[in-house]
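Asker: So that you have it, the file is my_file.cif, and it contains mmCIF, C-alpha atoms and all ligand atoms:
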```
data_data
loop_
_atom_site.label_atom_id
_atom_site.label_comp_id
_atom_site.auth_asym_id
_atom_site.auth_seq_id
_atom_site.Cartn_x
_atom_site.Cartn_y
_atom_site.Cartn_z
CA MET A 30 17.36 -0.05 20.45
CA THR A 31 18.38 2.06 17.52
CA ASP A 32 15.46 3.84 15.95
CA SER A 33 15.15 2.78 12.38
CA GLN A 34 14.09 4.47 9.18
CA THR A 35 10.77 3.09 7.93
CA PRO A 36 11.67 -0.50 6.99
CA PRO A 37 9.70 -2.68 4.54
CA LYS A 38 6.48 -4.05 6.03
CA SER A 39 7.73 -7.63 5.59
CA MET A 40 10.42 -6.96 8.20
CA TYR A 41 7.99 -6.08 10.99
CA ILE A 42 7.71 -8.67 13.75
CA ASN A 43 4.30 -9.92 14.84
CA TRP A 44 3.25 -12.95 16.88
CA PHE A 45 -0.38 -13.44 17.81
CA PRO A 46 -1.17 -17.18 17.83
CA GLY A 47 -4.73 -18.41 18.44
CA HIS A 48 -4.23 -19.15 22.12
CA MET A 49 -3.53 -15.44 22.76
CA ASN A 50 -6.79 -14.43 21.12
CA LYS A 51 -8.57 -17.05 23.25
CA ALA A 52 -6.82 -15.70 26.36
CA ARG A 53 -7.96 -12.18 25.50
CA ASN A 54 -11.60 -13.32 25.16
CA GLU A 55 -11.45 -15.25 28.43
CA ILE A 56 -10.01 -12.24 30.25
CA ALA A 57 -12.78 -10.02 28.83
CA GLU A 58 -15.38 -12.48 30.18
CA VAL A 59 -14.22 -12.19 33.79
CA MET A 60 -12.96 -8.60 33.78
CA ASN A 61 -16.09 -7.32 35.54
CA ASP A 62 -15.19 -9.38 38.58
CA VAL A 63 -11.60 -8.19 38.76
CA ASP A 64 -10.82 -5.59 41.44
CA MET A 65 -7.35 -4.66 40.32
CA VAL A 66 -4.84 -5.60 37.66
CA ILE A 67 -1.14 -6.26 38.05
CA GLU A 68 0.45 -5.60 34.69
CA VAL A 69 3.91 -7.13 34.55
CA LEU A 70 6.26 -5.22 32.26
CA ASP A 71 9.82 -6.04 31.31
CA ALA A 72 12.08 -3.47 33.00
CA ARG A 73 14.47 -3.62 30.03
CA LEU A 74 11.74 -2.51 27.62
CA PRO A 75 8.87 -1.06 29.66
CA MET A 76 7.09 0.73 26.83
CA SER A 77 7.53 -1.97 24.20
CA SER A 78 6.33 -4.60 26.67
CA GLN A 79 3.17 -2.64 27.44
CA ASN A 80 0.39 -4.51 25.65
CA PRO A 81 -2.19 -1.99 24.35
CA MET A 82 -4.87 -4.69 24.59
CA ILE A 83 -4.51 -4.68 28.38
CA LYS A 84 -5.52 -1.03 28.59
CA ASP A 85 -8.64 -1.78 26.53
CA LEU A 86 -9.46 -4.87 28.58
CA ARG A 87 -9.08 -3.34 32.01
CA GLN A 88 -10.90 -0.09 31.18
CA GLY A 89 -11.06 1.81 34.50
CA THR A 90 -9.81 -1.02 36.73
CA PRO A 91 -6.86 0.23 38.81
CA VAL A 92 -3.50 -1.07 37.69
CA LEU A 93 -0.20 -1.72 39.39
CA LYS A 94 2.57 -1.79 36.82
CA LEU A 95 5.49 -3.91 37.94
CA LEU A 96 8.69 -3.50 35.96
CA ASN A 97 10.01 -7.00 36.47
CA LYS A 98 13.50 -8.34 35.79
CA GLN A 99 15.03 -5.12 37.07
CA ASP A 100 18.10 -7.25 37.83
CA LEU A 101 18.79 -7.28 34.07
CA ALA A 102 18.19 -3.57 33.34
CA ASP A 103 20.13 -0.34 33.85
CA PRO A 104 18.85 0.88 37.26
CA GLU A 105 18.99 4.58 36.38
CA ILE A 106 16.91 4.16 33.25
CA THR A 107 14.49 1.86 35.09
CA GLN A 108 13.93 4.59 37.70
CA GLN A 109 13.08 7.07 34.92
CA TRP A 110 10.48 4.62 33.63
CA VAL A 111 9.00 4.12 37.11
CA ASP A 112 8.62 7.92 37.46
CA TYR A 113 7.08 8.08 34.00
CA PHE A 114 4.39 5.50 34.85
CA ASN A 115 3.70 6.89 38.31
CA ALA A 116 2.86 10.24 36.74
CA GLN A 117 -0.10 8.59 34.98
CA GLU A 118 -3.60 8.71 36.42
CA HIS A 119 -4.90 5.60 38.29
CA VAL A 120 -1.50 3.97 37.86
CA GLN A 121 1.05 2.88 40.43
CA ALA A 122 4.38 1.47 39.41
CA PHE A 123 7.57 0.10 40.86
CA ALA A 124 10.51 -1.93 39.69
CA ILE A 125 10.99 -5.45 40.97
CA ASP A 126 12.75 -8.72 40.40
CA MET A 127 11.70 -12.12 41.55
CA GLY A 128 14.76 -12.59 43.69
CA ASN A 129 13.78 -9.64 45.87
CA LYS A 130 11.57 -11.00 48.70
CA LYS A 131 11.14 -7.59 50.34
CA LEU A 132 9.65 -6.02 47.23
CA ILE A 133 7.48 -9.08 46.54
CA ALA A 134 6.06 -8.81 50.06
CA LYS A 135 4.85 -5.27 49.28
CA ILE A 136 2.51 -6.44 46.51
CA PRO A 137 -0.51 -7.81 48.54
CA GLY A 138 -0.80 -4.64 50.64
CA ILE A 139 -0.68 -2.35 47.61
CA ALA A 140 -3.17 -4.56 45.75
CA LYS A 141 -5.66 -4.27 48.62
CA GLU A 142 -5.16 -0.53 48.87
CA MET A 143 -5.78 -0.07 45.17
CA ALA A 144 -8.95 -2.16 45.06
CA PRO A 145 -12.16 -0.16 45.60
CA ILE A 146 -13.10 0.14 49.31
CA ARG A 147 -16.65 -1.26 49.06
CA ILE A 148 -15.32 -4.50 47.65
CA ARG A 149 -12.40 -4.72 50.03
CA ASN A 150 -14.54 -5.32 53.09
CA ASP A 151 -16.99 -7.81 51.61
CA ARG A 152 -14.97 -10.43 49.85
CA PRO A 153 -11.43 -11.36 48.78
CA VAL A 154 -9.70 -8.90 46.48
CA ARG A 155 -9.50 -10.39 43.02
CA VAL A 156 -6.23 -9.61 41.33
CA MET A 157 -5.54 -10.44 37.71
CA ILE A 158 -1.92 -10.71 36.62
CA MET A 159 -1.40 -9.86 32.98
CA GLY A 160 1.51 -9.16 30.67
CA ILE A 161 3.51 -10.24 27.65
CA PRO A 162 4.86 -13.81 27.44
CA ASN A 163 7.92 -14.84 29.48
CA VAL A 164 7.93 -11.67 31.60
CA GLY A 165 7.65 -13.50 34.93
CA LYS A 166 3.90 -13.60 35.73
CA SER A 167 3.81 -17.20 36.93
CA THR A 168 7.07 -16.74 38.84
CA MET A 169 5.37 -13.84 40.61
CA ILE A 170 2.35 -16.02 41.44
CA ASN A 171 4.67 -18.65 42.95
CA ALA A 172 6.48 -15.97 44.95
CA LEU A 173 3.17 -14.62 46.29
CA VAL A 174 1.68 -18.03 47.06
CA GLY A 175 4.96 -19.10 48.65
CA ARG A 176 5.44 -22.35 46.76
CA LYS A 177 5.90 -23.64 43.22
CA ILE A 178 2.29 -23.92 42.19
CA ALA A 179 2.31 -22.39 38.70
CA LYS A 180 4.43 -23.76 35.88
CA VAL A 181 7.26 -21.43 34.84
CA GLY A 182 9.88 -21.70 32.12
CA ASN A 183 12.36 -19.56 30.26
CA GLU A 184 10.38 -19.53 27.01
CA PRO A 185 7.23 -17.71 25.91
CA ALA A 186 3.74 -19.25 26.15
CA VAL A 187 4.35 -21.55 29.14
CA THR A 188 1.01 -20.71 30.80
CA LYS A 189 -1.76 -21.88 28.50
CA LYS A 190 -4.93 -21.06 30.43
CA GLN A 191 -6.27 -18.69 33.05
CA THR A 192 -5.82 -20.17 36.55
CA ARG A 193 -6.98 -18.97 40.01
CA TYR A 194 -4.99 -19.24 43.21
CA THR A 195 -6.36 -18.27 46.62
CA LEU A 196 -3.99 -16.69 49.11
CA PRO A 197 -4.70 -16.95 52.85
CA ASN A 198 -4.55 -13.13 53.20
CA GLY A 199 -7.85 -12.39 51.42
CA ILE A 200 -6.54 -12.26 47.87
CA VAL A 201 -7.47 -14.31 44.84
CA LEU A 202 -4.79 -14.26 42.15
CA MET A 203 -5.51 -14.99 38.52
CA ASP A 204 -2.60 -16.07 36.36
CA THR A 205 -3.14 -15.52 32.63
CA PRO A 206 -1.32 -16.67 29.49
CA GLY A 207 1.22 -14.15 28.20
CA MET A 208 -0.26 -12.08 25.42
CA LEU A 209 1.08 -9.96 22.61
CA TRP A 210 -1.29 -8.10 20.30
CA PRO A 211 -2.34 -8.55 16.66
CA LYS A 212 -0.16 -5.85 15.12
CA ILE A 213 3.01 -4.49 16.71
CA ALA A 214 3.02 -1.19 14.84
CA ASP A 215 6.38 0.00 16.13
CA PHE A 216 9.22 -1.70 14.27
CA ASP A 217 11.75 -1.36 17.10
CA SER A 218 9.29 -2.69 19.69
CA GLY A 219 8.90 -5.91 17.69
CA TYR A 220 12.66 -6.46 17.64
CA ARG A 221 13.09 -5.51 21.27
CA LEU A 222 10.40 -8.02 22.27
CA ALA A 223 12.04 -10.71 20.16
CA THR A 224 15.49 -9.93 21.60
CA SER A 225 14.16 -10.10 25.17
CA GLY A 226 12.64 -13.57 24.64
CA ALA A 227 8.95 -12.60 24.61
CA ILE A 228 8.46 -14.01 21.11
CA ARG A 229 9.11 -17.63 20.27
CA ASP A 230 12.47 -17.82 18.47
CA THR A 231 11.02 -20.02 15.73
CA ALA A 232 8.32 -17.41 15.02
CA VAL A 233 10.88 -14.82 13.92
CA GLU A 234 13.71 -14.48 11.42
CA TYR A 235 16.27 -15.41 14.08
CA GLN A 236 19.32 -13.97 12.33
CA SER A 237 17.69 -10.60 11.72
CA VAL A 238 16.90 -10.37 15.46
CA ALA A 239 20.57 -11.11 16.22
CA LEU A 240 21.67 -8.46 13.70
CA TYR A 241 19.33 -5.96 15.31
CA ALA A 242 20.72 -6.82 18.78
CA ALA A 243 24.32 -6.57 17.51
CA LYS A 244 23.66 -3.16 15.95
CA PHE A 245 22.04 -1.90 19.14
CA MET A 246 24.96 -3.08 21.25
CA MET A 247 27.53 -1.61 18.88
CA ASP A 248 25.73 1.77 18.95
CA LYS A 249 24.87 1.96 22.64
CA TYR A 250 27.42 -0.18 24.45
CA PRO A 251 30.49 -0.44 22.15
CA GLN A 252 32.96 -0.94 25.00
CA ARG A 253 31.10 -3.97 26.31
CA MET A 254 31.17 -5.56 22.85
CA LEU A 255 34.93 -5.01 22.62
CA GLU A 256 35.47 -6.57 26.03
CA ARG A 257 33.10 -9.50 25.66
CA TYR A 258 34.37 -10.57 22.25
CA LYS A 259 37.99 -9.55 22.87
CA LEU A 260 38.31 -7.06 20.03
CA THR A 261 40.51 -4.01 19.63
CA GLU A 262 37.99 -2.27 17.40
CA LEU A 263 34.45 -2.80 16.24
CA PRO A 264 33.79 -3.87 12.66
CA GLU A 265 31.88 -1.53 10.32
CA THR A 266 28.65 -3.51 10.11
CA ASP A 267 26.37 -5.62 12.29
CA PHE A 268 26.73 -8.48 9.78
CA GLU A 269 30.51 -8.41 10.11
CA MET A 270 30.09 -8.30 13.90
CA LEU A 271 27.98 -11.45 13.83
CA ARG A 272 30.54 -13.20 11.60
CA ILE A 273 33.31 -12.35 14.07
CA ILE A 274 31.22 -13.63 17.00
CA GLY A 275 30.54 -16.82 15.04
CA ALA A 276 34.23 -17.30 14.25
CA LYS A 277 35.29 -16.75 17.86
CA ARG A 278 32.51 -18.67 19.59
CA GLY A 279 32.14 -22.07 17.97
CA GLY A 280 30.57 -21.13 14.64
CA LEU A 281 33.61 -21.69 12.42
CA ARG A 282 32.91 -24.55 10.00
CA PRO A 283 35.30 -26.50 7.73
CA GLY A 284 36.46 -24.38 4.82
CA GLY A 285 36.22 -21.19 6.88
CA LYS A 286 32.44 -20.93 6.53
CA ILE A 287 30.66 -19.18 9.42
CA ASP A 288 27.54 -20.77 10.89
CA MET A 289 25.38 -17.65 11.20
CA HIS A 290 22.69 -19.42 13.20
CA LYS A 291 25.25 -20.37 15.81
CA ALA A 292 26.58 -16.80 15.78
CA SER A 293 23.03 -15.48 16.25
CA GLU A 294 22.47 -17.84 19.16
CA VAL A 295 25.61 -16.60 20.93
CA MET A 296 24.65 -12.94 20.42
CA ILE A 297 21.07 -13.43 21.62
CA HIS A 298 21.97 -15.64 24.60
CA ASP A 299 24.66 -13.20 25.68
CA ILE A 300 22.30 -10.22 25.62
CA ARG A 301 19.41 -12.09 27.29
CA GLY A 302 21.61 -13.59 29.97
CA SER A 303 23.20 -10.23 30.85
CA LYS A 304 26.65 -11.46 29.76
CA LEU A 305 26.96 -8.02 28.20
CA GLY A 306 25.99 -6.24 31.41
CA LEU A 307 22.77 -4.62 32.58
CA ILE A 308 20.94 -3.35 29.53
CA SER A 309 17.93 -1.14 29.01
CA TYR A 310 16.72 -1.44 25.45
CA GLU A 311 14.82 1.86 25.49
CA THR A 312 14.59 5.12 27.41
CA VAL A 313 11.78 7.55 28.23
CA ALA A 314 13.59 10.29 26.28
CA GLN A 315 13.78 8.08 23.19
CA TRP A 316 10.06 7.42 23.28
CA GLN A 317 9.33 11.08 23.99
CA GLU A 318 11.35 11.99 20.91
CA LYS A 319 9.49 9.42 18.86
CA TYR A 320 6.18 10.73 20.16
CA ASP A 321 7.21 14.33 19.35
CA GLN A 322 8.23 13.28 15.84
CA GLN A 323 4.90 11.54 15.33
CA MET A 324 3.08 14.64 16.58
CA GLN A 325 5.15 16.83 14.28
CA GLN A 326 4.40 14.48 11.38
CA ARG A 327 0.70 14.59 12.22
CA ILE A 328 0.78 18.41 12.24
CA GLU A 329 2.63 18.44 8.92
CA ASP A 330 0.17 15.96 7.41
CA GLN A 331 -2.73 18.11 8.64
CA LEU A 332 -1.18 21.28 7.17
CA GLU A 333 -0.59 19.49 3.86
CA LEU A 334 -4.21 18.35 3.86
CA GLU A 335 -5.38 21.91 4.49
CA ARG A 336 -3.07 23.24 1.74
CA GLN A 337 -4.51 20.72 -0.72
CA GLN A 338 -8.01 21.72 0.38
CA VAL A 339 -7.29 25.41 -0.29
CA GLU A 340 -5.83 24.52 -3.70
CA GLN A 341 -8.94 22.51 -4.51
CA ASP A 342 -11.16 25.38 -3.34
CA ILE A 343 -9.33 27.76 -5.72
CA ILE A 344 -9.75 25.32 -8.60
CA ASP A 345 -13.46 24.89 -7.73
CA THR A 346 -14.01 28.67 -7.48
CA GLU A 347 -12.36 29.29 -10.85
CA ARG A 348 -14.39 26.55 -12.45
CA ASP A 349 -17.58 28.03 -10.94
CA LYS A 350 -16.54 31.46 -12.26
CA ARG A 351 -15.98 30.07 -15.74
CA ASP A 352 -19.33 28.25 -15.58
CA ALA A 353 -21.07 31.45 -14.50
CA GLN A 354 -19.41 33.38 -17.35
CA ARG A 355 -20.47 30.70 -19.81
CA GLN A 356 -24.04 30.90 -18.49
CA ALA A 357 -24.04 34.69 -18.72
CA TYR A 358 -22.70 34.49 -22.28
CA LYS A 359 -25.41 31.97 -23.20
CA LYS A 360 -28.08 34.14 -21.62
CA GLN A 361 -26.80 37.19 -23.50
CA ASN A 362 -26.86 35.19 -26.75
CA ALA A 363 -30.39 34.09 -26.03
CA ILE A 364 -31.41 37.72 -25.34
CA ASP A 365 -29.67 38.85 -28.53
CA ASP A 366 -31.31 36.07 -30.54
CA ALA A 367 -34.71 36.94 -29.07
CA ARG A 368 -34.18 40.62 -29.89
CA GLU A 369 -33.07 39.82 -33.41
CA ASP A 370 -36.10 37.54 -33.83
CA ARG A 371 -38.38 40.24 -32.50
CA GLU A 372 -36.87 42.89 -34.76
CA SER A 373 -37.07 40.66 -37.79
CA ASN A 374 -40.67 39.74 -36.92
CA GLU A 375 -41.51 43.42 -36.51
CA LYS A 376 -39.90 44.17 -39.85
CA LYS A 377 -41.82 41.35 -41.46
CA ALA A 378 -45.05 42.64 -39.91
CA GLN A 379 -44.31 46.16 -41.17
CA ASN A 380 -43.61 44.91 -44.67
CA THR A 381 -46.81 42.88 -44.66
CA SER A 382 -48.85 45.91 -43.53
CA ILE A 383 -47.27 48.15 -46.23
CA GLN A 384 -47.98 45.50 -48.82
CA ASN A 385 -51.58 45.12 -47.57
CA ARG A 386 -52.06 48.84 -47.74
CA GLY A 387 -50.70 48.89 -51.36
CA ASP A 388 -53.03 46.06 -52.27
CA GLU A 389 -55.99 47.96 -50.83
CA ASN A 390 -55.09 51.04 -52.99
CA VAL A 391 -54.92 48.87 -56.06
CA THR A 392 -58.38 47.37 -55.48
CA GLN A 393 -60.10 50.76 -54.82
N1 LIG B 401 16.42 -12.45 35.66
C1 LIG B 401 15.15 -12.62 36.01
N2 LIG B 401 14.45 -13.64 35.52
C2 LIG B 401 13.15 -13.76 35.88
C3 LIG B 401 12.53 -12.87 36.77
N3 LIG B 401 11.24 -13.23 36.92
C4 LIG B 401 11.07 -14.32 36.16
N4 LIG B 401 12.21 -14.67 35.54
C5 LIG B 401 12.44 -15.77 34.60
O1 LIG B 401 11.69 -15.53 33.44
C6 LIG B 401 11.27 -16.77 32.84
C7 LIG B 401 9.78 -16.71 32.56
O2 LIG B 401 9.06 -16.76 33.76
P1 LIG B 401 7.53 -17.17 33.82
O3 LIG B 401 7.07 -16.86 35.19
O4 LIG B 401 7.28 -18.52 33.30
O5 LIG B 401 6.93 -16.10 32.81
P2 LIG B 401 5.40 -15.89 32.39
O6 LIG B 401 5.19 -14.44 32.29
O7 LIG B 401 4.50 -16.65 33.28
O8 LIG B 401 5.43 -16.54 30.93
P3 LIG B 401 4.20 -17.13 30.06
O9 LIG B 401 3.44 -18.07 30.93
O10 LIG B 401 4.90 -17.82 28.95
O11 LIG B 401 3.42 -15.99 29.59
C8 LIG B 401 11.68 -17.84 33.79
O12 LIG B 401 12.90 -18.41 33.34
C9 LIG B 401 11.91 -17.09 35.11
O13 LIG B 401 12.87 -17.72 35.94
C10 LIG B 401 13.32 -11.79 37.30
O14 LIG B 401 12.87 -10.95 38.07
N5 LIG B 401 14.60 -11.72 36.87
MG MG B 402 3.18 -18.12 32.92
#
```
Now, as a test, write the supplied structure out as structure tokens.
Answerer:
Amino acid sequence: MTDSQTPPKSMYINWFPGHMNKARNEIAEVMNDVDMVIEVLDARLPMSSQNPMIKDLRQGTPVLKLLNKQDLADPEITQQWVDYFNAQEHVQAFAIDMGNKKLIAKIPGIAKEMAPIRIRNDRPVRVMIMGIPNVGKSTMINALVGRKIAKVGNEPAVTKKQTRYTLPNGIVLMDTPGMLWPKIADFDSGYRLATSGAIRDTAVEYQSVALYAAKFMMDKYPQRMLERYKLTELPETDFEMLRIIGAKRGGLRPGGKIDMHKASEVMIHDIRGSKLGLISYETVAQWQEKYDQQMQQRIEDQLELERQQVEQDIIDTERDKRDAQRQAYKKQNAIDDAREDRESNEKKAQNTSIQNRGDENVTQ
């Protein structure tokens, strides 16, 4: 979605309830026994739906990244993401949707191929399925097992605990609860996840998610917004857009007041349910640009740090010079004082000797 200027911290979206932390610990406990990981990503937001905790948890374990729900995403952009992931080391990726039996049937063979050979021959291949909430992990388990064995539902956090399923073809599948991570550092990723349905609606400021979605659609797919909501032109702001949607789609209340929650619901349901067409929330190029900007910022920060260091060095050197001059001045003063003392002592000694000699003459 639209890349934003740095918004206030309070607007960032995060959702990491206790059961996700528990799920993470339970995955870590069994990770040693896992031969390969299937990481289920959302094809509409492949990068934002990539949980950084999974990379840490799996360490070197081979991973098959499945960009699920491809039936909701722009196929061209999805292909660019598949190519992007396949270029990574120890990673295989392809796009899929749970209505596609042919693609689902490919998974067991690939899983076996990716698992290390020594394990393959001795015992069943243990495959752990991981990913963000509501991305389709349990649906995938059911598709692989061939019957409705795991509970699924169109809301996040349906699967509550790790569960094993044995397939007849030498594979053990482990379903895991959907996990997000403690701090979603990228502002847009948080909103994309919330828009897609990976974050419980009651855990977010629902209207601000709808506004974000409306702004994204107005920027990226204006024609679809015009057609869907039967408009001749788009309003100036996302807020106005939401008001219009509310007015047209059952949110008009007595006295002309607009029910903004109802309007938000319509906007979010329409985008999630592909009523606005196939939508990819993010592209490889967008992320590449973001990455380049971050790199550029890092270089600029480093240069600024070095500049400040040089400035400080100059200040330090000048202070040292002044200190050295002060020391030299003090030393010179001390030398001068010592010389003056010596001269005055010598003079005194001379005077005393002259006086002594005079005294001697007097006494003779
Ligand atoms: N359009 C579409 N919907 C899908 C696809 N795969 C799964 N779904 C739907 O996505 C919703 C979530 O599916 P689940 O399998 O429960 O997701 P999960 O990843 O197990 O979710 P948690 O257990 O909450 O982490 C359900 O309504 C599924 O029908 C797909 O390929 N395309
Ligand atoms: Mg599940």
Asker: Using all atoms listed in the file, find each residue with an atom at most 10 Å away from ligand MG 402 (chain B) and format the answer as a PyMOL selection string.
Answerer: chain A and resi 158-170+179-192+204-207
Asker: If we count only C-alpha atoms and set the cut-off at 9 Å, which residues sit around stretch 253-256 of chain A, ignoring sequence neighbours fewer than 5 positions away in its own chain? Please answer as an MDAnalysis selection string.
Answerer: chainID A and resid 243 246:247 261:263 305:306
Asker: Which residue is closest to ligand LIG 401 (chain B)? Choose from A:Ser303, A:Asn61, A:Gln108, A:Gln323 and count all atoms listed in the file.
Answerer: A:Ser303
Asker: Using all atoms of ligand LIG 401 (chain B) that appear in the file, construct an axis-aligned enclosing box with 4 Å of padding on every side and provide its centre coordinates and edge lengths in Å, rounded to one decimal, as lines of an AutoDock Vina configuration file.
Answerer:
```
center_x = 9.9
center_y = -14.7
center_z = 33.5
size_x = 21.0
size_y = 15.6
size_z = 17.1
```
Asker: Rank A:Glu142, A:Val69, A:Gly387, A:Lys350 by their smallest atom-to-atom distance to ligand LIG 401 (chain B), using all atoms listed in the file, and report the top residue only.
Answerer: A:Val69
Asker: If you count only C-alpha atoms, which residues fall within 12 Å of stretch 39-50 of chain A, apart from same-chain ones fewer than 3 positions away, as an NGL selection string?
Answerer: :A and (33 or 35-36 or 53-57 or 80 or 82 or 159-162 or 185-191 or 205-224 or 227-235 or 237-238 or 241)
Asker: Using Å and a single decimal, report how far atom CA of A:Ala52 sits from atom CA of A:Ala144.
Answerer: 23.2 Å
Asker: Which one is closest to ligand LIG 401 (chain B): A:Asn198, A:Ser225, A:Thr90, A:Gln361? Count all atoms listed in the file.
Answerer: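 Of A:Asn198, A:Ser225, A:Thr90, A:Gln361, the one nearest ligand LIG 401 (chain B), counting all atoms listed in the file, is A:Ser225.
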Asker: Neighbouring residues of A:Met65 were defined as those with any atom within 8 Å, considering only C-alpha atoms; residues of the same chain fewer than 2 positions away were excluded. Please report them as a PDB file with C-alpha atoms, keeping the file's coordinate frame.
Answerer:
```pdb
ATOM      1  CA  VAL A  63     -11.600  -8.190  38.760  1.00  0.00           C
ATOM      2  CA  ILE A  67      -1.140  -6.260  38.050  1.00  0.00           C
ATOM      3  CA  THR A  90      -9.810  -1.020  36.730  1.00  0.00           C
ATOM      4  CA  PRO A  91      -6.860   0.230  38.810  1.00  0.00           C
ATOM      5  CA  VAL A  92      -3.500  -1.070  37.690  1.00  0.00           C
ATOM      6  CA  LEU A  93      -0.200  -1.720  39.390  1.00  0.00           C
ATOM      7  CA  ALA A 140      -3.170  -4.560  45.750  1.00  0.00           C
ATOM      8  CA  MET A 143      -5.780  -0.070  45.170  1.00  0.00           C
ATOM      9  CA  ALA A 144      -8.950  -2.160  45.060  1.00  0.00           C
ATOM     10  CA  VAL A 154      -9.700  -8.900  46.480  1.00  0.00           C
ATOM     11  CA  ARG A 155      -9.500 -10.390  43.020  1.00  0.00           C
ATOM     12  CA  VAL A 156      -6.230  -9.610  41.330  1.00  0.00           C
ATOM     13  CA  MET A 157      -5.540 -10.440  37.710  1.00  0.00           C
TER      14      MET A 157
END
```
Asker: Scan for residues within 12 Å of the point (17.6, -7.7, 43.5) in the coordinates of the file, using only C-alpha atoms, and reply as a PDB file with C-alpha atoms, keeping the file's coordinate frame.
Answerer:
```
ATOM      1  CA  ASN A  97      10.010  -7.000  36.470  1.00  0.00           C
ATOM      2  CA  LYS A  98      13.500  -8.340  35.790  1.00  0.00           C
ATOM      3  CA  GLN A  99      15.030  -5.120  37.070  1.00  0.00           C
ATOM      4  CA  ASP A 100      18.100  -7.250  37.830  1.00  0.00           C
ATOM      5  CA  LEU A 101      18.790  -7.280  34.070  1.00  0.00           C
ATOM      6  CA  ALA A 102      18.190  -3.570  33.340  1.00  0.00           C
ATOM      7  CA  PRO A 104      18.850   0.880  37.260  1.00  0.00           C
ATOM      8  CA  ALA A 124      10.510  -1.930  39.690  1.00  0.00           C
ATOM      9  CA  ILE A 125      10.990  -5.450  40.970  1.00  0.00           C
ATOM     10  CA  ASP A 126      12.750  -8.720  40.400  1.00  0.00           C
ATOM     11  CA  MET A 127      11.700 -12.120  41.550  1.00  0.00           C
ATOM     12  CA  GLY A 128      14.760 -12.590  43.690  1.00  0.00           C
ATOM     13  CA  ASN A 129      13.780  -9.640  45.870  1.00  0.00           C
ATOM     14  CA  LYS A 130      11.570 -11.000  48.700  1.00  0.00           C
ATOM     15  CA  LYS A 131      11.140  -7.590  50.340  1.00  0.00           C
ATOM     16  CA  LEU A 132       9.650  -6.020  47.230  1.00  0.00           C
ATOM     17  CA  ILE A 133       7.480  -9.080  46.540  1.00  0.00           C
TER      18      ILE A 133
END
```
Asker: Would you mind reading off the distance between atom CA of A:Arg257 and atom CA of A:Leu240, one decimal, in Å?
Answerer: 16.6 Å
Asker: Please, what distance in Å, to one decimal, runs between atom CA of A:Lys244 and atom CA of A:Leu307?
Answerer: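 Distance between the two atoms: 16.7 Å.
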Asker: Out of A:Arg327, A:Lys291, A:Lys359, A:Lys304, which residue has the shortest atom-to-atom distance to ligand LIG 401 (chain B) when counting only C-alpha atoms and all ligand atoms?
Answerer: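 With only C-alpha atoms and all ligand atoms as the atom set, the closest residue is A:Lys304.
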Asker: My list of candidates is A:Ile308, A:Met60, A:Leu281, A:Ala292. Which is closest to ligand LIG 401 (chain B) when distances are computed with all atoms listed in the file?
Answerer: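 Among the listed residues, A:Ile308 lies closest to ligand LIG 401 (chain B).
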Asker: Using all atoms listed in the file, which of the listed residues (A:Ile300, A:Ala276, A:Ala242, A:Leu271) sits closest to ligand LIG 401 (chain B)?
Answerer: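 For ligand LIG 401 (chain B), the nearest of the candidates is A:Ile300.
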Asker: Which polymer residues have any atom within 8 Å of an atom of A:Glu311, counting all atoms listed in the file, with same-chain residues fewer than 5 positions away left out, as a list in words?
Answerer: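 Near A:Glu311, the qualifying residues are Met30, Arg73, Leu74, Pro75, Met76 and Trp316 of chain A.
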